[in-house]
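Novice: The structure that follows is given in the form of C-alpha cells.
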Amino acid sequence: MDAIVARNLTKRYGRTAAVEDVSFAIGRGEIVGFLGPNGAGKTTTLRMLAGLIRPSGGEGRVLGERVPGPGLRRVGTMIEEPSFYPYMTGRDNLRHAALLHGGVPARRIEEVLGFVKLDQAAEKRVRAYSQGMRQRLGLARSLLWEPEVLLLDEPTNGLDPVGIAEIRENLRAVAATGVTILVSSHILAEIEKLVDRILAIEAGKLVFDGPLDALLHRLDVTSVRYRLRATDGAVLLEALRDLGYAPEADGERGAHVDVPSADADGLVARLVRAGVEISDAERTTEDLEGAYLRLLKGDGRPS
Ligand code: ATP
C-alpha cells in the first residue's frame, strides 16, 4: 500500500488553479522532496493532503484512507511556520499540544525534545527561541504522536546552514525508523542531500517525478562539482590528478574538482582507497540549481 497518494488533485481559487491535476504515489518509507519556486503550489498540495483544505477536484489518500479522514491521526504535519505560545516554555508548549490531542505519554514529550536536541532549552520560553529552535520544536510537535507519515512545508525556511544541517539530520533519523516523509523546499540544494526522489511543481503542475539522478540525466548535467578537504592537500591533489581529473587547489588542504555525473557517487570512496584521508566532501550546487532552473524553463518533461 502506498503511504501518500495524490490523484488528480486540483485546487482553484476563483479562476486561478493553485494546483492542477497533480498525481503521484509515495511508497512507505520513502523520503520525497517536493520542489518548486514560491507560489508553485507546494503549500496548497500539502494542505490538501493534510486535510486542512478541500480539493476542488481529485483526491488525496494517506495510508490507504481518503483525506480528510481517520488516517490523519497517523500523520504528523508542519505546514507553514509553526506557531507556539511565546510566553510558555518549549516543554509546556508540547505538553499543551499533547493534552489537546490526547493519548501522548509524558515520556514521549521528553523523547521528542531529546530527539531534536532541545532538552537543554526545554525550560526556556519560546519567546527566547531562535528561528531554528522554533522549527525544531515544530518538528518535535509533529512527532509527538509517533506518526507514520510526515508532511513538512519548508522546514528549513529562513535557517542558516547550521540550522539546515540540523533539521536534515533529524529528518534522516526519523526516516531511518521507517516514517514516510514528503518535504517541500524551493531550494534544490537544501533537500538534495536528504531525499531519494524529487517531485517538482511549477505553476500548479507537476513537471518532474523521479530520482535526483534521473533529473540530472534528463537535464544533461554532465558534471558535478565537489569541494574536498583532506589532512594533506598535496596528496589530495595528486590523487585527483591520478584519477584523471583537473582539480584546483583551495587553501592548503582543499580542492575543487569537476567530475562526470556517472563517477560522482563513488569519488570519495575511490580517494580513500587511494590512501587519501578525506575530512570533508561536499557537492556544491551550481550544477543542480542550473539544472533545476532549466527544468522550470520547460526543458524537462514529466516522467
Ligand atoms: P511558497 O513557497 O511561497 O509557500 P507554494 O509553492 O507553497 O509557495 P502556494 O502557497 O501553494 O505556493 O500557492 C500557490 C498559488 O495559489 C499562489 O499563486 C497563491 O497566490 C495562490 N493561493 C494560495 N492560497 C490562496 C488563497 N487562499 N486564495 C487565493 N489564492 C491562493
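In the C-alpha cells, chains take the letters A, B, ... in the order shown, each chain's residues start at 1, and ligands count up from 1 in the order shown.
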Using only C-alpha atoms, which protein or nucleic acid residues come within 12 Å of Arg66 (chain A)? Drop anything in the same chain fewer than 5 positions from it, and give the result as a list in words.
Specialist: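 These residues fall inside the cut-off: Ala3, Ile4, Val5, Ala6, Arg7, Met48, Leu49, Ala50, Gly51, Arg54, Pro55, Gly58, Glu59, Gly60, Arg61, Gly71 and Leu72 of chain A.
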Novice: Just asking: which residues within region 82-265 of chain A are strand (DSSP E or B) according to DSSP, as a ChimeraX atom specification?
Specialist: /A:89,125,149-152,180-185,197-202,205-211,223-230,248-250,254-260
Novice: Select the residues contacting ligand 1 at a distance of at most 12 Å, based on only C-alpha atoms and all ligand atoms, then format the selection as JSON, numbers by chain.
Specialist: {"A": [10, 11, 12, 13, 14, 15, 16, 17, 18, 19, 20, 34, 35, 36, 37, 38, 39, 40, 41, 42, 43, 44, 45, 46, 47, 48, 52, 53, 54, 55, 79, 80, 81, 152, 153, 154, 155, 156, 157, 158, 183, 184, 185, 186, 187, 200, 201, 202, 203, 204, 205, 206]}
Novice: Based on the backbone DSSP call, show me all residues of region 63-190 of chain A assigned alpha helix (DSSP H), as a PyMOL selection string.
Specialist: chain A and resi 90-101+106-115+131-143+161-176+188-190
Novice: Calculate how many Å separate CA of Ser279 (chain A) from CA of Ala234 (chain A), rounding to one decimal.
Specialist: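 Going from CA of Ser279 (chain A) over to CA of Ala234 (chain A) covers 14.0 Å.
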Novice: Do you know which residues are at most 10 Å from region 95-106 of chain A counting only C-alpha atoms, after dropping those on the same chain fewer than 6 positions away, and could you put them as a CSV table (one decimal) with all heavy atoms, in the first residue's frame?
Specialist:
chain,number,residue,atom,x,y,z
A,73,ARG,N,-4.9,10.7,11.8
A,73,ARG,CA,-4.3,10.5,13.2
A,73,ARG,C,-2.9,10.0,13.1
A,73,ARG,O,-2.1,10.1,14.1
A,73,ARG,CB,-5.1,9.5,13.9
A,73,ARG,CG,-6.4,10.0,14.4
A,73,ARG,CD,-7.2,8.9,15.1
A,73,ARG,NE,-8.5,9.3,15.5
A,73,ARG,CZ,-8.7,10.1,16.5
A,73,ARG,NH1,-7.8,10.5,17.3
A,73,ARG,NH2,-10.0,10.5,16.7
A,84,PHE,N,3.6,28.9,18.2
A,84,PHE,CA,3.6,28.4,19.6
A,84,PHE,C,3.2,29.6,20.5
A,84,PHE,O,3.1,30.7,20.1
A,84,PHE,CB,5.0,28.0,20.0
A,84,PHE,CG,5.5,26.8,19.2
A,84,PHE,CD1,6.3,27.0,18.2
A,84,PHE,CD2,5.1,25.6,19.6
A,84,PHE,CE1,6.8,25.9,17.4
A,84,PHE,CE2,5.5,24.5,18.8
A,84,PHE,CZ,6.3,24.6,17.8
A,85,TYR,N,2.9,29.2,21.8
A,85,TYR,CA,2.6,30.3,22.8
A,85,TYR,C,3.9,30.8,23.3
A,85,TYR,O,4.7,30.1,23.9
A,85,TYR,CB,1.8,29.7,23.9
A,85,TYR,CG,0.4,29.2,23.5
A,85,TYR,CD1,0.2,27.9,23.4
A,85,TYR,CD2,-0.5,30.1,23.1
A,85,TYR,CE1,-1.1,27.4,23.0
A,85,TYR,CE2,-1.8,29.7,22.7
A,85,TYR,CZ,-2.0,28.3,22.6
A,85,TYR,OH,-3.3,27.9,22.1
A,88,MET,N,5.0,30.6,27.0
A,88,MET,CA,5.2,29.3,27.6
A,88,MET,C,6.5,28.7,27.2
A,88,MET,O,7.1,29.0,26.1
A,88,MET,CB,4.1,28.3,27.1
A,88,MET,CG,2.8,28.5,28.0
A,88,MET,SD,1.3,27.8,27.3
A,88,MET,CE,1.7,26.2,26.8
A,89,THR,N,7.1,27.8,28.0
A,89,THR,CA,8.3,27.1,27.6
A,89,THR,C,8.1,26.1,26.5
A,89,THR,O,7.0,25.8,26.2
A,89,THR,CB,8.9,26.3,28.8
A,89,THR,OG1,8.0,25.2,29.1
A,89,THR,CG2,9.1,27.2,30.1
A,141,ARG,N,6.9,18.7,17.8
A,141,ARG,CA,5.4,18.6,17.9
A,141,ARG,C,4.8,17.6,16.9
A,141,ARG,O,3.9,16.9,17.2
A,141,ARG,CB,4.8,20.0,17.8
A,141,ARG,CG,3.3,20.0,18.1
A,141,ARG,CD,2.8,21.4,18.2
A,141,ARG,NE,3.0,22.2,17.1
A,141,ARG,CZ,2.7,23.5,17.0
A,141,ARG,NH1,2.3,24.1,18.1
A,141,ARG,NH2,3.0,24.1,15.9
A,142,SER,N,5.3,17.7,15.7
A,142,SER,CA,4.8,16.9,14.6
A,142,SER,C,5.1,15.4,14.9
A,142,SER,O,4.4,14.5,14.4
A,142,SER,CB,5.3,17.3,13.2
A,142,SER,OG,6.6,16.9,13.1
A,144,LEU,N,5.1,14.0,18.0
A,144,LEU,CA,4.6,13.6,19.3
A,144,LEU,C,3.7,12.3,19.2
A,144,LEU,O,3.8,11.4,20.1
A,144,LEU,CB,3.7,14.7,19.9
A,144,LEU,CG,4.3,15.8,20.7
A,144,LEU,CD1,3.3,16.8,21.2
A,144,LEU,CD2,5.0,15.2,22.0
A,145,TRP,N,3.0,12.2,18.2
A,145,TRP,CA,2.0,11.0,18.1
A,145,TRP,C,2.6,9.9,17.3
A,145,TRP,O,1.9,9.0,16.8
A,145,TRP,CB,0.7,11.5,17.4
A,145,TRP,CG,0.2,12.7,18.1
A,145,TRP,CD1,-0.6,12.6,19.3
A,145,TRP,CD2,0.3,14.1,17.9
A,145,TRP,NE1,-0.9,13.8,19.8
A,145,TRP,CE2,-0.4,14.7,18.9
A,145,TRP,CE3,0.9,14.8,16.9
A,145,TRP,CZ2,-0.4,16.1,19.0
A,145,TRP,CZ3,0.9,16.2,17.0
A,145,TRP,CH2,0.2,16.8,18.0
A,146,GLU,N,3.9,9.8,17.2
A,146,GLU,CA,4.6,8.8,16.5
A,146,GLU,C,4.0,8.5,15.1
A,146,GLU,O,3.5,7.4,14.9
A,146,GLU,CB,4.7,7.5,17.3
A,146,GLU,CG,5.3,7.7,18.7
A,146,GLU,CD,5.7,6.5,19.4
A,146,GLU,OE1,6.2,5.6,18.8
A,146,GLU,OE2,5.4,6.4,20.6
Novice: Excluding Arg283 (chain A) and residues on its chain fewer than 5 positions from it, collect all residues at most 8 Å away from it, counting only C-alpha atoms, and give them as number ranges by chain.
Specialist: A: 224-227
Novice: Could you turn the residues from that selection into a file that holds N, CA, C and O atoms, as a PDB file, in the first residue's frame?
Specialist:
ATOM      1  N   VAL A 224      29.597  17.108 -11.951  1.00  0.00           N
ATOM      2  CA  VAL A 224      29.234  17.538 -10.608  1.00  0.00           C
ATOM      3  C   VAL A 224      30.477  18.153  -9.986  1.00  0.00           C
ATOM      4  O   VAL A 224      31.572  17.621 -10.127  1.00  0.00           O
ATOM      5  N   ARG A 225      30.289  19.276  -9.318  1.00  0.00           N
ATOM      6  CA  ARG A 225      31.443  19.946  -8.707  1.00  0.00           C
ATOM      7  C   ARG A 225      31.541  19.542  -7.235  1.00  0.00           C
ATOM      8  O   ARG A 225      30.549  19.590  -6.505  1.00  0.00           O
ATOM      9  N   TYR A 226      32.728  19.118  -6.846  1.00  0.00           N
ATOM     10  CA  TYR A 226      32.975  18.731  -5.449  1.00  0.00           C
ATOM     11  C   TYR A 226      33.918  19.710  -4.781  1.00  0.00           C
ATOM     12  O   TYR A 226      34.857  20.208  -5.413  1.00  0.00           O
ATOM     13  N   ARG A 227      33.669  19.959  -3.492  1.00  0.00           N
ATOM     14  CA  ARG A 227      34.638  20.687  -2.672  1.00  0.00           C
ATOM     15  C   ARG A 227      35.140  19.674  -1.654  1.00  0.00           C
ATOM     16  O   ARG A 227      34.344  19.071  -0.938  1.00  0.00           O
TER      17      ARG A 227
END
Novice: If you measure from CA of Pro147 (chain A) to CA of Met133 (chain A), what distance in Å do you get, rounded to one decimal?
Specialist: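 The value is 21.0 Å.
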Novice: Counting only C-alpha atoms, figure out which residue out of A:Arg91, A:Arg28, A:His217, A:Arg125 gets nearest to Ile109 (chain A).
Specialist: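 The closest residue to Ile109 (chain A) is A:Arg91.
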